[in-house]
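> Please read through the structure below; I'll follow up with questions.
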Amino acid sequence: MFYTIGEMAKKLGVAASTLRYYDKEGLLPFVERSESGIRMFNDSDYEFLKIIECLKHTGMQLKDIKKFIYLVMEGDKSIDDRLLLFKKRKEEVEKQIEKLQNTLDVVNFKCWYYETAKKAGTTAVPDNMKDEELPEELRKIRTQLKNE
């Protein structure tokens, strides 16, 4: 089954202009065109486009995504290169997750802090609490905030 650019964009949850931009940047060499030049997306293109979106969300630049696409088009001789690329992306995503987890920990601490201050009517209460009075999961975060 074939999809128009608008149908595929809707299926992916992106703007049609995004797919046109990808095509202009050379990211869609696999997409067929009708005799009149209209892009005709198929089901396997959808999977490829989902991988492109995934790589974008990892922070990969379009020029590097383009290199990946051409590696795929080379066939089995590029399996090692593609595996290495995804292992590197995995490491990057793990670093991003760690940073986001640290950010979430601080946000959770500050939610607790201001909830406690609101109940007491002053920030002096959470400020003057001893570590053992804090919820255990927040102690380390307060220490990190005070030492940074």
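Ordering of the structure tokens sets the chain letters (A, B, ...), residue numbers begin anew at 1 in every chain, and ligands are numbered from 1 in the order given.
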Please identify which residues in segment 24-82 of chain A DSSP calls strand (DSSP E or B) from the backbone, and express them as a list in words.

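For segment 24-82 of chain A, the strand (DSSP E or B) set is Glu32, Arg33, Arg39, Met40 and Phe41 of chain A.
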
> Considering only C-alpha atoms, give me a table of residues in segment 5-40 of chain A that are at most 9 Å from segment 59-83 of chain A, with the closest atom pair and distance in Å for each, as a Markdown table.


| residue | atom | partner | partner_atom | distance |
| --- | --- | --- | --- | --- |
| A:Tyr22 | CA | A:Leu62 | CA | 8.5 |
| A:Glu25 | CA | A:Leu62 | CA | 8.0 |
| A:Gly26 | CA | A:Lys66 | CA | 6.7 |
| A:Leu27 | CA | A:Lys66 | CA | 5.3 |
| A:Leu28 | CA | A:Ile69 | CA | 8.2 |
| A:Pro29 | CA | A:Ile69 | CA | 8.4 |
| A:Phe30 | CA | A:Met73 | CA | 8.3 |

> Write out, as a CSV table (one decimal), in the first residue's frame, the residues just selected, with N, CA and C atoms.


chain,number,residue,atom,x,y,z
A,22,TYR,N,13.4,16.3,5.0
A,22,TYR,CA,14.3,15.1,5.0
A,22,TYR,C,14.7,14.7,3.6
A,25,GLU,N,17.3,17.0,2.2
A,25,GLU,CA,18.6,16.7,2.8
A,25,GLU,C,19.2,15.4,2.4
A,26,GLY,N,18.5,14.6,1.6
A,26,GLY,CA,19.0,13.3,1.2
A,26,GLY,C,18.7,12.2,2.1
A,27,LEU,N,17.8,12.3,3.0
A,27,LEU,CA,17.5,11.3,4.0
A,27,LEU,C,16.5,10.2,3.5
A,28,LEU,N,15.9,10.5,2.3
A,28,LEU,CA,14.8,9.6,1.8
A,28,LEU,C,15.1,9.0,0.4
A,29,PRO,N,16.4,8.6,0.2
A,29,PRO,CA,16.7,8.0,-1.2
A,29,PRO,C,15.9,6.8,-1.5
A,30,PHE,N,15.3,6.1,-0.5
A,30,PHE,CA,14.6,4.9,-0.7
A,30,PHE,C,13.1,5.1,-1.1

> So how far away is atom CA of Asn102 of chain A from atom CA of Ile141 of chain A, in Å?

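Result for atom CA of Ile141 of chain A versus atom CA of Asn102 of chain A: 8.7 Å, one decimal.
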
> Please determine, counting only C-alpha atoms, which residue among A:Gly37, A:Tyr21, A:Gly13, A:Lys130 has the shortest atom-to-atom distance to Lys50 of chain A.

A:Gly13

> Could you pull out the helix (DSSP H, G or I) residues of segment 35-125 of chain A from DSSP and send them as number ranges by chain?

A: 43-57, 62-74, 76-120, 124-125

> Find the spatial neighbours of segment 105-114 of chain A, counting only C-alpha atoms, within a cut-off of 10 Å - ignore same-chain residues fewer than 5 positions away - and output them as an MDAnalysis selection string.

chainID A and resid 99:100 119:123 125:127 134:135 137:142 144:145

> Could you write out the selected residues, including N, CA and C atoms, as an mmCIF file, in the first residue's frame?


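Result written to again.cif:
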data_model
loop_
_atom_site.group_PDB
_atom_site.id
_atom_site.type_symbol
_atom_site.label_atom_id
_atom_site.label_comp_id
_atom_site.auth_asym_id
_atom_site.auth_seq_id
_atom_site.Cartn_x
_atom_site.Cartn_y
_atom_site.Cartn_z
ATOM 1 N N LYS A 99 21.531 12.212 33.157
ATOM 2 C CA LYS A 99 21.383 13.651 33.414
ATOM 3 C C LYS A 99 19.934 13.999 33.735
ATOM 4 N N LEU A 100 19.013 13.425 32.986
ATOM 5 C CA LEU A 100 17.594 13.689 33.235
ATOM 6 C C LEU A 100 17.165 13.148 34.596
ATOM 7 N N LYS A 119 3.471 23.963 54.251
ATOM 8 C CA LYS A 119 2.778 23.456 55.449
ATOM 9 C C LYS A 119 3.210 24.234 56.696
ATOM 10 N N ALA A 120 4.506 24.553 56.756
ATOM 11 C CA ALA A 120 5.055 25.251 57.932
ATOM 12 C C ALA A 120 4.860 26.758 57.851
ATOM 13 N N GLY A 121 4.622 27.254 56.644
ATOM 14 C CA GLY A 121 4.478 28.700 56.472
ATOM 15 C C GLY A 121 5.800 29.424 56.357
ATOM 16 N N THR A 122 6.905 28.664 56.236
ATOM 17 C CA THR A 122 8.229 29.284 56.136
ATOM 18 C C THR A 122 9.223 28.287 55.539
ATOM 19 N N THR A 123 10.206 28.821 54.809
ATOM 20 C CA THR A 123 11.271 27.961 54.284
ATOM 21 C C THR A 123 12.304 27.623 55.349
ATOM 22 N N VAL A 125 11.816 26.018 57.995
ATOM 23 C CA VAL A 125 11.632 24.648 58.492
ATOM 24 C C VAL A 125 12.442 23.645 57.669
ATOM 25 N N PRO A 126 12.257 23.558 56.336
ATOM 26 C CA PRO A 126 13.080 22.586 55.602
ATOM 27 C C PRO A 126 14.568 22.950 55.608
ATOM 28 N N ASP A 127 14.865 24.244 55.656
ATOM 29 C CA ASP A 127 16.274 24.673 55.701
ATOM 30 C C ASP A 127 16.979 24.172 56.956
ATOM 31 N N LEU A 134 14.823 14.305 56.936
ATOM 32 C CA LEU A 134 14.393 14.311 55.538
ATOM 33 C C LEU A 134 14.032 12.898 55.098
ATOM 34 N N PRO A 135 13.139 12.782 54.123
ATOM 35 C CA PRO A 135 12.931 11.462 53.528
ATOM 36 C C PRO A 135 14.278 10.939 53.002
ATOM 37 N N GLU A 137 15.351 9.255 50.510
ATOM 38 C CA GLU A 137 15.734 9.420 49.097
ATOM 39 C C GLU A 137 16.126 10.856 48.748
ATOM 40 N N LEU A 138 15.843 11.805 49.647
ATOM 41 C CA LEU A 138 16.163 13.212 49.379
ATOM 42 C C LEU A 138 17.442 13.688 50.058
ATOM 43 N N ARG A 139 17.958 12.920 50.961
ATOM 44 C CA ARG A 139 19.154 13.342 51.720
ATOM 45 C C ARG A 139 20.350 13.580 50.799
ATOM 46 N N LYS A 140 20.598 12.640 49.936
ATOM 47 C CA LYS A 140 21.741 12.730 49.033
ATOM 48 C C LYS A 140 21.623 13.957 48.128
ATOM 49 N N ILE A 141 20.423 14.236 47.692
ATOM 50 C CA ILE A 141 20.213 15.368 46.774
ATOM 51 C C ILE A 141 20.509 16.691 47.482
ATOM 52 N N ARG A 142 20.000 16.830 48.717
ATOM 53 C CA ARG A 142 20.275 18.062 49.465
ATOM 54 C C ARG A 142 21.777 18.221 49.668
ATOM 55 N N GLN A 144 24.176 17.080 47.779
ATOM 56 C CA GLN A 144 24.760 17.456 46.487
ATOM 57 C C GLN A 144 24.519 18.936 46.197
ATOM 58 N N LEU A 145 23.318 19.409 46.467
ATOM 59 C CA LEU A 145 22.998 20.816 46.204
ATOM 60 C C LEU A 145 23.811 21.770 47.073
#

> Residues at most 12 Å from Glu7 of chain A, counting only C-alpha atoms, excluding those fewer than 6 positions away in the same chain, as a PyMOL selection string?

chain A and resi 1+13-16+19+39-43+46

> Store the residues of this selection in a file with C-alpha atoms, as a PDB file, in the first residue's frame.


ATOM      1  CA  MET A   1       0.000   0.000   0.000  1.00  0.00           C
ATOM      2  CA  GLY A  13       2.805  12.576  13.763  1.00  0.00           C
ATOM      3  CA  VAL A  14       5.052  15.066  11.957  1.00  0.00           C
ATOM      4  CA  ALA A  15       4.412  17.872   9.492  1.00  0.00           C
ATOM      5  CA  ALA A  16       4.551  17.073   5.789  1.00  0.00           C
ATOM      6  CA  LEU A  19       9.324  14.862   5.302  1.00  0.00           C
ATOM      7  CA  ARG A  39       6.540  10.740  -3.385  1.00  0.00           C
ATOM      8  CA  MET A  40       4.946   7.355  -2.767  1.00  0.00           C
ATOM      9  CA  PHE A  41       5.640   6.009   0.722  1.00  0.00           C
ATOM     10  CA  ASN A  42       5.097   2.368   1.588  1.00  0.00           C
ATOM     11  CA  ASP A  43       4.914   0.419   4.844  1.00  0.00           C
ATOM     12  CA  TYR A  46       7.317   4.000   7.705  1.00  0.00           C
TER      13      TYR A  46
END

> Work out how far apart atom CA of Arg33 of chain A and atom CA of Phe2 of chain A are and give it in Å to one decimal.

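Going from atom CA of Arg33 of chain A over to atom CA of Phe2 of chain A, I get 10.5 Å.
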
> Which residue gives the smallest distance to Glu133 of chain A among A:Thr116, A:Ser17, A:Gln96, A:Lys56, with only C-alpha atoms counted?

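Of all the options, A:Thr116 lies closest to Glu133 of chain A.
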